Each structure stands twice: as structure tokens, then as C-alpha cells.
$ cat start.tsv   # TSV, C-alpha atoms
chain	number	residue	atom	x	y	z
M	379	MET	CA	18.01	-200.76	-8.57
M	380	ASN	CA	18.68	-198.63	-11.67
M	381	ARG	CA	22.33	-198.95	-12.54
M	382	LEU	CA	24.36	-196.28	-14.27
M	383	PRO	CA	25.13	-196.73	-17.98
M	384	ALA	CA	27.97	-199.01	-18.93
M	385	PHE	CA	31.22	-197.75	-20.38
M	386	GLN	CA	32.94	-201.07	-20.97
M	387	LEU	CA	36.69	-200.86	-21.06
M	388	SER	CA	39.16	-203.55	-22.01
M	389	LEU	CA	42.87	-203.98	-21.65
M	390	ALA	CA	45.29	-206.00	-23.73
M	391	SER	CA	47.07	-209.00	-22.27
M	392	SER	CA	50.43	-209.36	-23.92
M	393	SER	CA	52.18	-212.68	-24.51
M	394	TRP	CA	54.80	-211.81	-21.87
M	395	ALA	CA	52.07	-211.14	-19.30
M	396	ARG	CA	50.39	-214.48	-20.02
M	397	ALA	CA	53.74	-216.22	-19.77
M	398	ALA	CA	54.58	-214.49	-16.50
M	399	LEU	CA	51.29	-215.48	-14.95
M	400	SER	CA	51.47	-219.05	-16.19
M	401	ARG	CA	54.83	-219.40	-14.43
M	402	ARG	CA	53.27	-218.48	-11.07
M	403	GLN	CA	49.70	-219.68	-11.15
M	404	PRO	CA	49.03	-219.14	-7.41
M	405	SER	CA	50.07	-215.49	-7.74
M	406	ALA	CA	47.78	-215.04	-10.69
M	407	ARG	CA	44.99	-216.43	-8.57
M	408	ALA	CA	45.91	-214.04	-5.77
M	409	ILE	CA	45.76	-211.10	-8.14
M	410	ALA	CA	42.41	-212.25	-9.48
M	411	GLN	CA	41.07	-212.59	-5.96
M	412	GLN	CA	42.02	-209.03	-5.03
M	413	GLY	CA	39.58	-207.78	-7.71
M	414	LEU	CA	36.43	-206.01	-6.67
M	415	GLY	CA	34.81	-207.52	-3.59
M	416	GLY	CA	31.84	-209.71	-4.42
M	417	ALA	CA	32.54	-209.78	-8.17
M	418	SER	CA	34.54	-212.38	-10.01
M	419	ALA	CA	37.76	-211.22	-11.57
M	420	ALA	CA	36.53	-212.62	-14.88
M	421	GLU	CA	33.46	-210.37	-14.83
M	422	VAL	CA	35.32	-207.24	-13.83
M	423	ASN	CA	38.59	-207.59	-15.71
M	424	ALA	CA	38.55	-210.27	-18.41
M	425	ASN	CA	35.26	-209.13	-19.89
M	426	LEU	CA	35.95	-205.43	-20.16
M	427	THR	CA	34.91	-203.96	-23.53
M	428	ARG	CA	34.80	-200.33	-24.56
M	429	ARG	CA	31.40	-198.62	-24.96
M	430	TRP	CA	31.26	-194.86	-25.43
M	431	SER	CA	27.51	-194.40	-24.88
M	432	THR	CA	24.48	-196.30	-23.69
M	433	ASP	CA	23.42	-197.25	-27.21
M	434	SER	CA	26.72	-197.66	-29.01
M	435	SER	CA	29.14	-200.53	-28.52
M	436	ALA	CA	31.66	-199.69	-31.22
M	437	GLY	CA	35.23	-200.02	-30.15
M	438	VAL	CA	38.19	-202.29	-29.74
M	439	ARG	CA	37.92	-205.42	-27.61
M	440	PHE	CA	40.82	-206.95	-25.76
M	441	LYS	CA	40.92	-209.91	-23.41
M	442	SER	CA	42.55	-210.21	-20.02
M	443	SER	CA	44.04	-213.44	-18.68
M	444	MET	CA	44.04	-212.54	-15.00
M	445	ALA	CA	41.64	-215.22	-13.76
M	446	ALA	CA	43.04	-218.63	-12.90
M	447	SER	CA	41.20	-221.76	-11.87
M	448	ALA	CA	43.83	-223.38	-9.67
M	449	PRO	CA	43.15	-223.33	-5.91
M	450	TYR	CA	45.06	-220.68	-4.04
M	451	SER	CA	46.81	-221.26	-0.75
M	452	GLN	CA	46.84	-218.28	1.62
M	453	SER	CA	50.04	-219.42	3.33
M	454	ILE	CA	53.19	-217.52	2.35
M	455	ASP	CA	56.89	-218.07	2.98
M	456	THR	CA	57.99	-214.49	2.26
M	457	PHE	CA	56.03	-211.33	2.94
M	458	PRO	CA	55.37	-209.82	-0.50
M	459	SER	CA	57.23	-206.53	-0.95
M	460	LEU	CA	58.29	-204.24	-3.77
M	461	ILE	CA	61.63	-202.67	-2.88
M	462	ILE	CA	62.71	-199.40	-4.53
M	463	ASN	CA	66.48	-199.38	-4.67
M	464	GLY	CA	68.77	-196.37	-4.46
M	465	ASP	CA	69.27	-196.32	-8.22
M	466	GLY	CA	65.53	-196.22	-8.82
M	467	SER	CA	65.23	-199.84	-9.86
M	468	VAL	CA	62.58	-202.06	-8.31
M	469	SER	CA	63.14	-205.55	-6.95
M	470	ALA	CA	60.40	-207.91	-5.84
M	471	GLN	CA	60.26	-210.14	-2.81
M	472	GLY	CA	57.82	-213.06	-2.87
M	473	ASP	CA	55.71	-214.56	-5.66
M	474	PHE	CA	52.85	-212.07	-5.34
M	475	ALA	CA	55.21	-209.08	-5.53
M	476	GLU	CA	57.03	-210.64	-8.47
M	477	ALA	CA	53.73	-210.95	-10.32
M	478	GLN	CA	52.98	-207.29	-9.55
M	479	ALA	CA	56.42	-206.21	-10.75
M	480	GLU	CA	55.69	-207.75	-14.15
M	481	PHE	CA	53.25	-204.89	-14.78
M	482	ILE	CA	55.35	-201.90	-13.69
M	483	ASN	CA	56.16	-201.43	-17.36
M	484	PRO	CA	52.87	-202.38	-19.05
M	485	ASP	CA	52.18	-203.31	-22.66
M	486	PRO	CA	52.71	-200.06	-24.64
M	487	ARG	CA	49.94	-201.03	-27.07
M	488	ALA	CA	47.36	-201.05	-24.29
M	489	VAL	CA	48.68	-197.75	-22.95
M	490	GLU	CA	48.54	-196.11	-26.38
M	491	SER	CA	45.04	-197.42	-27.10
M	492	LEU	CA	43.60	-196.14	-23.83
M	493	ARG	CA	45.48	-192.83	-24.06
M	494	ASP	CA	44.08	-192.12	-27.52
M	495	ALA	CA	40.57	-193.09	-26.44
M	496	LEU	CA	40.59	-190.77	-23.43
M	497	LEU	CA	41.94	-187.86	-25.45
M	498	LYS	CA	39.35	-188.44	-28.18
M	499	THR	CA	36.39	-188.61	-25.80
M	500	ASN	CA	37.60	-186.02	-23.27
M	501	MET	CA	36.87	-188.55	-20.55
M	502	GLY	CA	38.35	-189.18	-17.10
M	503	ILE	CA	38.84	-192.52	-15.34
M	504	VAL	CA	38.65	-193.19	-11.61
M	505	ALA	CA	39.55	-196.70	-10.43
M	506	HIS	CA	39.53	-198.35	-7.03
M	507	TYR	CA	42.71	-199.62	-5.38
M	508	TYR	CA	41.30	-203.16	-5.54
M	509	MET	CA	41.43	-203.30	-9.34
M	510	ASP	CA	44.03	-205.80	-10.52
M	511	VAL	CA	47.66	-204.91	-10.88
M	512	GLU	CA	47.71	-205.18	-14.68
M	513	LEU	CA	44.99	-202.53	-14.94
M	514	GLN	CA	46.66	-200.25	-12.39
M	515	GLY	CA	49.96	-200.50	-14.23
M	516	ILE	CA	48.34	-199.43	-17.50
M	517	LEU	CA	46.39	-196.59	-15.86
M	518	GLN	CA	49.52	-195.20	-14.22
M	519	ALA	CA	51.35	-195.32	-17.54
M	520	VAL	CA	48.44	-193.62	-19.32
M	521	LYS	CA	48.44	-190.89	-16.69
M	522	GLN	CA	52.08	-190.14	-17.47
M	523	SER	CA	51.76	-190.54	-21.23
M	524	HIS	CA	50.27	-187.13	-22.04
M	525	PRO	CA	50.13	-183.79	-20.16
M	526	ASP	CA	46.36	-183.54	-20.65
M	527	LEU	CA	45.89	-186.86	-18.82
M	528	ALA	CA	47.98	-186.05	-15.73
M	529	LYS	CA	44.79	-185.10	-13.84
M	530	ARG	CA	42.42	-187.22	-15.89
M	531	VAL	CA	43.30	-190.67	-14.43
M	532	GLY	CA	43.01	-191.52	-10.73
M	533	ILE	CA	43.34	-194.59	-8.49
M	534	ALA	CA	42.01	-194.23	-4.96
M	535	ASP	CA	39.59	-195.44	-2.29
M	536	SER	CA	35.86	-195.16	-2.88
M	537	LEU	CA	35.43	-191.68	-1.35
M	538	LYS	CA	38.51	-190.15	-2.97
M	539	MET	CA	37.33	-191.48	-6.34
M	540	GLY	CA	34.44	-189.03	-6.14
M	541	ASP	CA	36.71	-186.12	-5.20
M	542	MET	CA	39.01	-186.97	-8.11
M	543	ALA	CA	36.04	-187.06	-10.49
M	544	VAL	CA	35.05	-183.56	-9.36
M	545	ASP	CA	38.58	-182.29	-10.00
M	546	MET	CA	38.54	-183.89	-13.45
M	547	CYS	CA	35.30	-182.14	-14.33
M	548	LYS	CA	36.72	-178.84	-13.11
M	549	GLU	CA	39.60	-179.42	-15.53
M	550	GLY	CA	37.18	-179.92	-18.40
M	551	ALA	CA	36.32	-183.64	-18.51
M	552	THR	CA	32.90	-184.18	-20.10
M	553	ALA	CA	32.41	-187.77	-18.87
M	554	VAL	CA	33.81	-190.05	-16.16
M	555	THR	CA	34.31	-193.80	-16.17
M	556	CYS	CA	34.27	-195.56	-12.80
M	557	LEU	CA	36.18	-198.83	-12.50
M	558	GLY	CA	34.76	-200.37	-9.35
M	559	VAL	CA	31.72	-202.09	-7.91
M	560	ASP	CA	28.24	-200.64	-8.38
M	561	PHE	CA	28.05	-198.51	-5.25
M	562	MET	CA	31.28	-196.76	-6.23
M	563	SER	CA	29.70	-195.56	-9.48
M	564	GLU	CA	26.67	-194.42	-7.49
M	565	SER	CA	28.86	-192.54	-5.03
M	566	VAL	CA	30.86	-190.86	-7.78
M	567	ALA	CA	27.65	-189.74	-9.51
M	568	ALA	CA	26.19	-188.45	-6.23
M	569	ILE	CA	29.36	-186.49	-5.36
M	570	LEU	CA	29.47	-185.00	-8.86
M	571	SER	CA	25.83	-183.95	-8.53
M	572	LYS	CA	26.49	-182.38	-5.13
M	573	ASN	CA	29.27	-180.31	-6.72
M	574	ASP	CA	27.12	-179.03	-9.60
M	575	PHE	CA	28.34	-181.62	-12.10
M	576	GLY	CA	25.16	-183.68	-12.19
M	577	HIS	CA	25.06	-183.27	-15.97
M	578	ILE	CA	28.34	-185.19	-16.36
M	579	PRO	CA	27.63	-188.85	-17.25
M	580	VAL	CA	29.24	-191.53	-15.10
M	581	TYR	CA	29.87	-194.83	-16.88
M	582	ARG	CA	30.24	-198.21	-15.20
M	583	ALA	CA	32.76	-200.93	-16.06
M	584	THR	CA	30.17	-203.35	-17.44
M	585	ALA	CA	26.45	-203.63	-18.07
M	586	LYS	CA	26.34	-206.57	-15.63
M	587	ALA	CA	25.91	-206.13	-11.90
M	588	ILE	CA	29.22	-205.82	-10.03
M	589	GLY	CA	28.32	-206.63	-6.47
M	590	CYS	CA	30.06	-206.38	-3.12
M	591	SER	CA	29.19	-208.80	-0.32
M	592	LEU	CA	29.84	-206.16	2.37
M	593	ALA	CA	27.52	-203.63	0.72
M	594	GLU	CA	24.87	-206.28	0.07
M	595	SER	CA	24.87	-207.32	3.73
M	596	ALA	CA	23.44	-203.88	4.62
M	597	GLU	CA	20.64	-204.28	2.08
M	598	ARG	CA	19.07	-207.21	3.90
M	599	GLU	CA	15.95	-206.95	6.00
M	600	SER	CA	17.92	-208.24	8.99
M	601	TYR	CA	20.20	-205.17	8.91
M	602	ARG	CA	17.23	-202.82	8.74
M	603	ALA	CA	15.52	-204.71	11.55
M	604	TRP	CA	18.70	-204.30	13.64
M	605	LEU	CA	18.70	-200.55	13.05
M	606	LYS	CA	15.07	-200.26	14.04
M	607	ALA	CA	15.43	-202.43	17.14
M	608	GLU	CA	18.57	-200.68	18.40
M	609	SER	CA	17.14	-197.19	17.89
M	610	ASP	CA	13.67	-197.93	19.28
M	611	ASN	CA	14.12	-196.16	22.63
M	612	ASP	CA	14.29	-192.66	24.06
M	613	GLN	CA	18.11	-192.43	23.87
M	614	PRO	CA	19.43	-190.28	20.99
M	615	CYS	CA	20.86	-192.50	18.27
M	616	LEU	CA	23.18	-192.13	15.28
M	617	HIS	CA	23.85	-194.68	12.54
M	618	VAL	CA	27.42	-194.37	11.26
M	619	VAL	CA	27.45	-196.28	7.99
M	620	TYR	CA	30.50	-197.28	6.00
M	621	ILE	CA	30.67	-195.44	2.68
M	622	ASN	CA	31.10	-198.78	0.90
M	623	THR	CA	27.35	-199.27	0.76
M	624	SER	CA	24.70	-198.49	-1.84
M	625	LEU	CA	22.67	-195.29	-2.07
M	626	GLU	CA	19.63	-197.46	-1.35
M	627	THR	CA	21.14	-198.52	1.98
M	628	LYS	CA	22.00	-194.94	2.93
M	629	ALA	CA	18.52	-193.67	1.98
M	630	ILE	CA	16.58	-196.39	3.78
M	631	SER	CA	18.85	-196.17	6.83
M	632	SER	CA	18.27	-192.41	7.00
M	633	SER	CA	14.52	-193.00	7.02
M	634	LEU	CA	14.87	-195.29	10.05
M	635	VAL	CA	17.51	-193.48	12.13
M	636	PRO	CA	19.76	-190.40	11.68
M	637	THR	CA	22.61	-191.62	9.47
M	638	ILE	CA	26.04	-190.28	8.59
M	639	THR	CA	28.57	-191.78	6.18
M	640	CYS	CA	32.19	-192.47	7.07
M	641	THR	CA	35.33	-194.07	5.67
M	642	SER	CA	37.93	-196.16	7.44
M	643	SER	CA	40.18	-193.08	7.63
M	644	ASN	CA	37.68	-190.82	9.42
M	645	VAL	CA	35.41	-193.20	11.34
M	646	LEU	CA	37.24	-192.64	14.64
M	647	GLN	CA	36.99	-188.85	14.43
M	648	THR	CA	33.37	-189.19	13.33
M	649	ILE	CA	32.28	-191.09	16.43
M	650	LEU	CA	34.46	-188.95	18.71
M	651	GLN	CA	32.87	-185.77	17.39
M	652	ALA	CA	29.37	-187.20	17.62
M	653	ALA	CA	29.92	-188.22	21.24
M	654	ALA	CA	31.45	-184.82	22.04
M	655	GLN	CA	28.40	-182.99	20.70
M	656	ILE	CA	25.82	-185.37	22.20
M	657	PRO	CA	27.48	-187.15	25.16
M	658	ASP	CA	24.79	-189.82	25.69
M	659	ILE	CA	24.34	-190.65	22.01
M	660	ARG	CA	24.04	-194.32	21.05
M	661	ILE	CA	26.17	-195.06	17.98
M	662	LEU	CA	25.25	-197.87	15.60
M	663	TYR	CA	28.16	-198.73	13.33
M	664	GLY	CA	27.86	-200.98	10.32
M	665	PRO	CA	27.97	-203.04	8.25
M	666	ASP	CA	31.74	-203.69	8.54
M	667	THR	CA	31.95	-205.79	11.71
M	668	TYR	CA	35.76	-205.93	11.52
M	669	MET	CA	35.99	-202.15	11.66
M	670	GLY	CA	33.48	-202.14	14.51
M	671	GLU	CA	35.60	-204.62	16.44
M	672	ASN	CA	38.70	-202.52	15.74
M	673	LEU	CA	36.97	-199.47	17.23
M	674	HIS	CA	36.02	-201.43	20.35
M	675	THR	CA	39.58	-202.73	20.69
M	676	LEU	CA	41.10	-199.27	20.22
M	677	LEU	CA	38.89	-197.67	22.86
M	678	ASP	CA	39.44	-200.57	25.27
M	679	THR	CA	43.21	-200.31	24.82
M	680	ILE	CA	43.24	-196.57	25.51
M	681	LEU	CA	40.97	-196.90	28.54
M	682	LYS	CA	43.14	-199.65	30.06
M	683	SER	CA	46.44	-197.87	29.43
M	684	SER	CA	48.03	-195.77	32.14
M	685	ASP	CA	49.77	-193.75	29.43
M	686	TRP	CA	46.50	-192.28	28.18
M	687	ASP	CA	45.58	-189.75	30.82
M	688	ASP	CA	43.04	-186.97	30.19
M	689	ALA	CA	45.71	-184.56	28.95
M	690	LYS	CA	47.03	-187.03	26.36
M	691	ILE	CA	43.52	-187.88	25.19
M	692	ALA	CA	42.75	-184.18	24.74
M	693	SER	CA	45.97	-183.47	22.85
M	694	ASP	CA	46.32	-186.62	20.74
M	695	LEU	CA	42.76	-187.87	20.25
M	696	HIS	CA	40.08	-185.19	20.67
M	697	PRO	CA	40.12	-181.95	22.68
M	698	SER	CA	36.63	-182.52	24.11
M	699	HIS	CA	37.25	-186.00	25.48
M	700	THR	CA	38.55	-187.52	28.71
M	701	ASN	CA	38.77	-191.06	30.05
M	702	ALA	CA	35.25	-190.66	31.42
M	703	THR	CA	33.74	-189.53	28.13
M	704	LEU	CA	35.60	-192.23	26.20
M	705	GLN	CA	34.18	-194.84	28.56
M	706	GLN	CA	30.70	-193.49	27.91
M	707	LEU	CA	31.36	-193.61	24.17
M	708	ARG	CA	32.63	-197.19	24.44
M	709	ASP	CA	29.52	-198.24	26.36
M	710	ASN	CA	27.25	-196.62	23.75
M	711	LEU	CA	29.05	-197.99	20.68
M	712	VAL	CA	26.97	-200.86	19.26

$ encode --input "start.tsv" --output "C-alpha cells"
Amino acid sequence: MNRLPAFQLSLASSSWARAALSRRQPSARAIAQQGLGGASAAEVNANLTRRWSTDSSAGVRFKSSMAASAPYSQSIDTFPSLIINGDGSVSAQGDFAEAQAEFINPDPRAVESLRDALLKTNMGIVAHYYMDVELQGILQAVKQSHPDLAKRVGIADSLKMGDMAVDMCKEGATAVTCLGVDFMSESVAAILSKNDFGHIPVYRATAKAIGCSLAESAERESYRAWLKAESDNDQPCLHVVYINTSLETKAISSSLVPTITCTSSNVLQTILQAAAQIPDIRILYGPDTYMGENLHTLLDTILKSSDWDDAKIASDLHPSHTNATLQQLRDNLV
């Protein structure tokens, strides 16, 4: 697969940040583990260097100390929460939240360095929610540091990242950096191209591959064989694929069976609308099995509830559906 060019970005780790993380090693590990799915935190965060073009690596290099080697226990005594008090101050509850709170006011040197670089290059940055808390703290501060950057820095889910990139280009950005796994950069580039900004370069976080186990699961021959087997009959079929997959997966899937992309926020309305337009359609959802199970559970719960009569389904769920049509949808959801 041809990856997009690398715009390697690095962030400073201040002495106070290192000290804070060393005091709560498990929390540091937790933060490292919430980095991009399928990629090590060290690859995505600690190794970020700035590169302004595909053939120039001049720039400042900083190191991040987010990764920790100690084993991390998933058991918690207190649910991690950041509490905004009436006076505007923030208090943290639980080790993980305390570690996050350390970065609400990030290192001003890192903020200044990134601010100046973005203004100099006329570049925008879109980052995924899963990027570590140190990075998000700096990005938020950069966004507020200069009026020209208010709409030039965005943190969102993988679909919204593309929409934000389009808005940045409309505001005059001449390049976009994507801080996320590989398919996110692909999606951002594809959305820009669809909106007549195909000439705008999209840079990745590193020249190395940044994988995602969920996306890679849909690239296997077994997934393609499943699509072919499930659609190999006379019943109309639709593959609803999670947006967190590669362009290769979407293209190959479309060659095997009609395919539409969805996100976690619109998957329910997507399958409801498909079933409303083609009542006997067989819907293949993947590759996120947890989301698929959630859809099954949701439909089962509605169908078993006496509260959800046809009128409530029509008003609160979808105007073209009833208990009978939802049952048909449930039976046809693979």
C-alpha cells in the first residue's frame, strides 16, 4: 500500500511532565496504551519529528516520555473523572485523571514551537481523540494561542477529522497534517479530494507504518471470503463497513458486494434507512464485532419491550419502521 508522505511532528516533554509520570507509572502506562490502536505509543508519540516535505527533514526534534514498561493493571478503585468546579478550576479524581490534569496547562515552549511552525507553513493539524493527553493538551493550547489558528487545529473522530481538514482548506490552509493511524490519513486525503482539495498535501505522523488491528482484520482473506459467502445468493445484500478501515478494504469490498461506510454515530440510522428502502435486504456489518453485537442487542431490547409500540418506533427511531419491519431487519442483520 502506498502511504502518504510523512510530516513528522515532535513535542517537548518537560521535566515536570516526566516527574509527574514517574510518580504514577501505571497511569503513564494507561496513557501510552490509549495511543493509536495497533501502534505502539513509542512509535506514534515518542518518535515524532518534524518534516515539512517528503525530501526535507530539517527541523527541531523533541522527545516524549509517555511510554512506560511497567505492567498495567486494568482494575481501578476510583472511576477517573475531571471535575470542573464552579470557579472554573479543575480537580481530578483517580490516578488516570490526575495524570491527564497534569497536561491541562502544557509546556509553553512546546506550544510556542508548534504555533510558530504552523503559522510559518500555513498548515493545519487534525488529530484523533486517541492521541495521548500530552499531545492533546498542547494542541488545544496552540489552537487558543493565535487567532489564525483557531480553525487550524482540530481533535475529533476519524470522519470528523476529514470534515475539519476541508474547513481548514476553505480558510486558506495549504497543507494538512494528520495525527492518527494510516487509514485516517487516507480518509482525510480522500475527503479533501472529494471536496475539490485534492491538490492539498496530507502528511502523516511518521514514515513508518501506523497500523490498527481492527482495520487490518478487514484486510484478511478470511474477511473477504465471508463477504463473498454471505452475499452469494439471490437476496439483495449491503455491506455496511466501519469507516475505521483502509481505502483498500473499502475498494475491494465494493467489488464484491455493494458497500457503504458508516461511523459509530450513524450506523443505526444507516441500517434503518437501508432496510426501509429495501425491506428484505441482507446487511453485512463489519469488521467491528462489538458494534455488531451492540446493534443486535439494541434491536432485541426494543423488540422485547412493551414500551416500544409501532407509534414510538416511528416517532423515536425511524418513521418508516414498525415492530414487524424491525424484526425483519434483525433477522437479516449478519

$ atom_distance --input "start.tsv" --atom1 "CA of Asn710 (chain M)" --atom2 "CA of Arg660 (chain M)"
4.8 Å

$ residues_around --input "start.tsv" --residues "Ala702 (chain M)" --least-positions-apart "3" --cutoff "12 Å" --atoms "all atoms listed in the file" --output "list in words"
Ala653, Ala654, Pro657, Asp658, Leu677, Ile680, Leu681, Trp686, Asp687, Asp688, Ile691, Ala692, Ser698, His699, Gln705, Gln706, Leu707, Arg708 and Asp709 of chain M

$ atom_distance --input "start.tsv" --atom1 "CA of Ser633 (chain M)" --atom2 "CA of Ser565 (chain M)"
18.7 Å

$ closest_atom_pairs --input "start.tsv" --of "region 546-620 of chain M" --to "region 519-540 of chain M" --cutoff "12 Å" --atoms "only C-alpha atoms" --output "CSV"
residue,atom,partner,partner_atom,distance
M:Met546,CA,M:Arg530,CA,5.7
M:Cys547,CA,M:Arg530,CA,8.9
M:Lys548,CA,M:Lys529,CA,10.2
M:Glu549,CA,M:Lys529,CA,7.9
M:Gly550,CA,M:Arg530,CA,9.3
M:Ala551,CA,M:Arg530,CA,7.5
M:Thr552,CA,M:Arg530,CA,10.8
M:Ala553,CA,M:Arg530,CA,10.5
M:Val554,CA,M:Arg530,CA,9.1
M:Thr555,CA,M:Val531,CA,9.7
M:Cys556,CA,M:Met539,CA,8.2
M:Leu557,CA,M:Ile533,CA,9.2
M:Gly558,CA,M:Ser536,CA,8.4
M:Val559,CA,M:Ser536,CA,9.5
M:Asp560,CA,M:Ser536,CA,10.9
M:Phe561,CA,M:Ser536,CA,8.8
M:Met562,CA,M:Ser536,CA,5.9
M:Ser563,CA,M:Gly540,CA,8.7
M:Glu564,CA,M:Gly540,CA,9.6
M:Ser565,CA,M:Gly540,CA,6.7
M:Val566,CA,M:Gly540,CA,4.3
M:Ala567,CA,M:Gly540,CA,7.6
M:Ala568,CA,M:Gly540,CA,8.3
M:Ile569,CA,M:Gly540,CA,5.7
M:Leu570,CA,M:Gly540,CA,7.0
M:Ser571,CA,M:Gly540,CA,10.3
M:Lys572,CA,M:Gly540,CA,10.4
M:Asn573,CA,M:Gly540,CA,10.2
M:Phe575,CA,M:Gly540,CA,11.3
M:Val580,CA,M:Gly540,CA,10.7
M:Tyr620,CA,M:Leu537,CA,10.5

$ closest_residue --input "start.tsv" --among "M:Thr675, M:Val544, M:Leu650, M:Lys628" --to "His577 (chain M)" --atoms "all atoms listed in the file"
M:Val544

$ residues_around --input "start.tsv" --residues "region 466-479 of chain M" --least-positions-apart "2" --cutoff "7 Å" --atoms "only C-alpha atoms" --output "list in words"
Leu399, Ser405, Thr456, Phe457, Pro458, Ser459, Leu460, Ile461, Ile462, Asn463, Gly464, Phe481, Ile482 and Val511 of chain M

$ decode --input "start.tsv" --residues "region 533-557 of chain M" --atoms "N, CA and C atoms" --output "PDB file, in the first residue's frame"
ATOM      1  N   ILE M 533      -9.296  18.284  16.915  1.00  0.00           N
ATOM      2  CA  ILE M 533      -9.226  16.954  17.523  1.00  0.00           C
ATOM      3  C   ILE M 533     -10.610  16.340  17.419  1.00  0.00           C
ATOM      4  N   ALA M 534     -10.716  15.167  16.808  1.00  0.00           N
ATOM      5  CA  ALA M 534     -12.041  14.606  16.535  1.00  0.00           C
ATOM      6  C   ALA M 534     -11.954  13.116  16.254  1.00  0.00           C
ATOM      7  N   ASP M 535     -13.112  12.514  15.880  1.00  0.00           N
ATOM      8  CA  ASP M 535     -13.095  11.125  15.442  1.00  0.00           C
ATOM      9  C   ASP M 535     -12.640  11.086  13.982  1.00  0.00           C
ATOM     10  N   SER M 536     -12.485   9.886  13.453  1.00  0.00           N
ATOM     11  CA  SER M 536     -11.833   9.738  12.148  1.00  0.00           C
ATOM     12  C   SER M 536     -12.611  10.388  11.007  1.00  0.00           C
ATOM     13  N   LEU M 537     -13.935  10.391  11.051  1.00  0.00           N
ATOM     14  CA  LEU M 537     -14.722  11.030   9.996  1.00  0.00           C
ATOM     15  C   LEU M 537     -14.687  12.547  10.118  1.00  0.00           C
ATOM     16  N   LYS M 538     -14.862  13.042  11.327  1.00  0.00           N
ATOM     17  CA  LYS M 538     -14.864  14.491  11.557  1.00  0.00           C
ATOM     18  C   LYS M 538     -13.509  15.102  11.233  1.00  0.00           C
ATOM     19  N   MET M 539     -12.435  14.318  11.371  1.00  0.00           N
ATOM     20  CA  MET M 539     -11.105  14.822  11.020  1.00  0.00           C
ATOM     21  C   MET M 539     -11.083  15.286   9.562  1.00  0.00           C
ATOM     22  N   GLY M 540     -11.719  14.517   8.685  1.00  0.00           N
ATOM     23  CA  GLY M 540     -11.780  14.893   7.280  1.00  0.00           C
ATOM     24  C   GLY M 540     -12.583  16.158   7.061  1.00  0.00           C
ATOM     25  N   ASP M 541     -13.715  16.278   7.751  1.00  0.00           N
ATOM     26  CA  ASP M 541     -14.543  17.486   7.631  1.00  0.00           C
ATOM     27  C   ASP M 541     -13.780  18.719   8.118  1.00  0.00           C
ATOM     28  N   MET M 542     -13.035  18.540   9.223  1.00  0.00           N
ATOM     29  CA  MET M 542     -12.247  19.657   9.751  1.00  0.00           C
ATOM     30  C   MET M 542     -11.162  20.067   8.762  1.00  0.00           C
ATOM     31  N   ALA M 543     -10.548  19.086   8.120  1.00  0.00           N
ATOM     32  CA  ALA M 543      -9.494  19.380   7.136  1.00  0.00           C
ATOM     33  C   ALA M 543     -10.062  20.192   5.979  1.00  0.00           C
ATOM     34  N   VAL M 544     -11.272  19.852   5.538  1.00  0.00           N
ATOM     35  CA  VAL M 544     -11.925  20.611   4.467  1.00  0.00           C
ATOM     36  C   VAL M 544     -12.145  22.060   4.901  1.00  0.00           C
ATOM     37  N   ASP M 545     -12.636  22.245   6.122  1.00  0.00           N
ATOM     38  CA  ASP M 545     -12.863  23.603   6.627  1.00  0.00           C
ATOM     39  C   ASP M 545     -11.555  24.385   6.708  1.00  0.00           C
ATOM     40  N   MET M 546     -10.479  23.705   7.109  1.00  0.00           N
ATOM     41  CA  MET M 546      -9.175  24.376   7.187  1.00  0.00           C
ATOM     42  C   MET M 546      -8.720  24.854   5.812  1.00  0.00           C
ATOM     43  N   CYS M 547      -8.927  24.013   4.816  1.00  0.00           N
ATOM     44  CA  CYS M 547      -8.525  24.384   3.456  1.00  0.00           C
ATOM     45  C   CYS M 547      -9.377  25.544   2.932  1.00  0.00           C
ATOM     46  N   LYS M 548     -10.651  25.540   3.295  1.00  0.00           N
ATOM     47  CA  LYS M 548     -11.508  26.658   2.904  1.00  0.00           C
ATOM     48  C   LYS M 548     -11.041  27.963   3.532  1.00  0.00           C
ATOM     49  N   GLU M 549     -10.407  27.849   4.709  1.00  0.00           N
ATOM     50  CA  GLU M 549      -9.897  29.033   5.396  1.00  0.00           C
ATOM     51  C   GLU M 549      -8.498  29.408   4.939  1.00  0.00           C
ATOM     52  N   GLY M 550      -7.940  28.636   3.992  1.00  0.00           N
ATOM     53  CA  GLY M 550      -6.658  29.024   3.424  1.00  0.00           C
ATOM     54  C   GLY M 550      -5.475  28.138   3.737  1.00  0.00           C
ATOM     55  N   ALA M 551      -5.659  27.052   4.476  1.00  0.00           N
ATOM     56  CA  ALA M 551      -4.536  26.151   4.762  1.00  0.00           C
ATOM     57  C   ALA M 551      -4.024  25.538   3.459  1.00  0.00           C
ATOM     58  N   THR M 552      -2.707  25.454   3.325  1.00  0.00           N
ATOM     59  CA  THR M 552      -2.109  24.914   2.100  1.00  0.00           C
ATOM     60  C   THR M 552      -1.534  23.522   2.301  1.00  0.00           C
ATOM     61  N   ALA M 553      -1.672  22.957   3.505  1.00  0.00           N
ATOM     62  CA  ALA M 553      -1.254  21.589   3.794  1.00  0.00           C
ATOM     63  C   ALA M 553      -1.942  21.157   5.085  1.00  0.00           C
ATOM     64  N   VAL M 554      -2.092  19.844   5.263  1.00  0.00           N
ATOM     65  CA  VAL M 554      -2.739  19.306   6.456  1.00  0.00           C
ATOM     66  C   VAL M 554      -1.904  18.151   6.997  1.00  0.00           C
ATOM     67  N   THR M 555      -1.677  18.169   8.283  1.00  0.00           N
ATOM     68  CA  THR M 555      -1.009  17.054   8.950  1.00  0.00           C
ATOM     69  C   THR M 555      -2.055  16.237   9.696  1.00  0.00           C
ATOM     70  N   CYS M 556      -2.005  14.926   9.544  1.00  0.00           N
ATOM     71  CA  CYS M 556      -2.954  14.027  10.195  1.00  0.00           C
ATOM     72  C   CYS M 556      -2.231  13.220  11.265  1.00  0.00           C
ATOM     73  N   LEU M 557      -2.630  13.391  12.506  1.00  0.00           N
ATOM     74  CA  LEU M 557      -2.053  12.640  13.610  1.00  0.00           C
ATOM     75  C   LEU M 557      -3.008  11.509  13.955  1.00  0.00           C
TER      76      LEU M 557
END
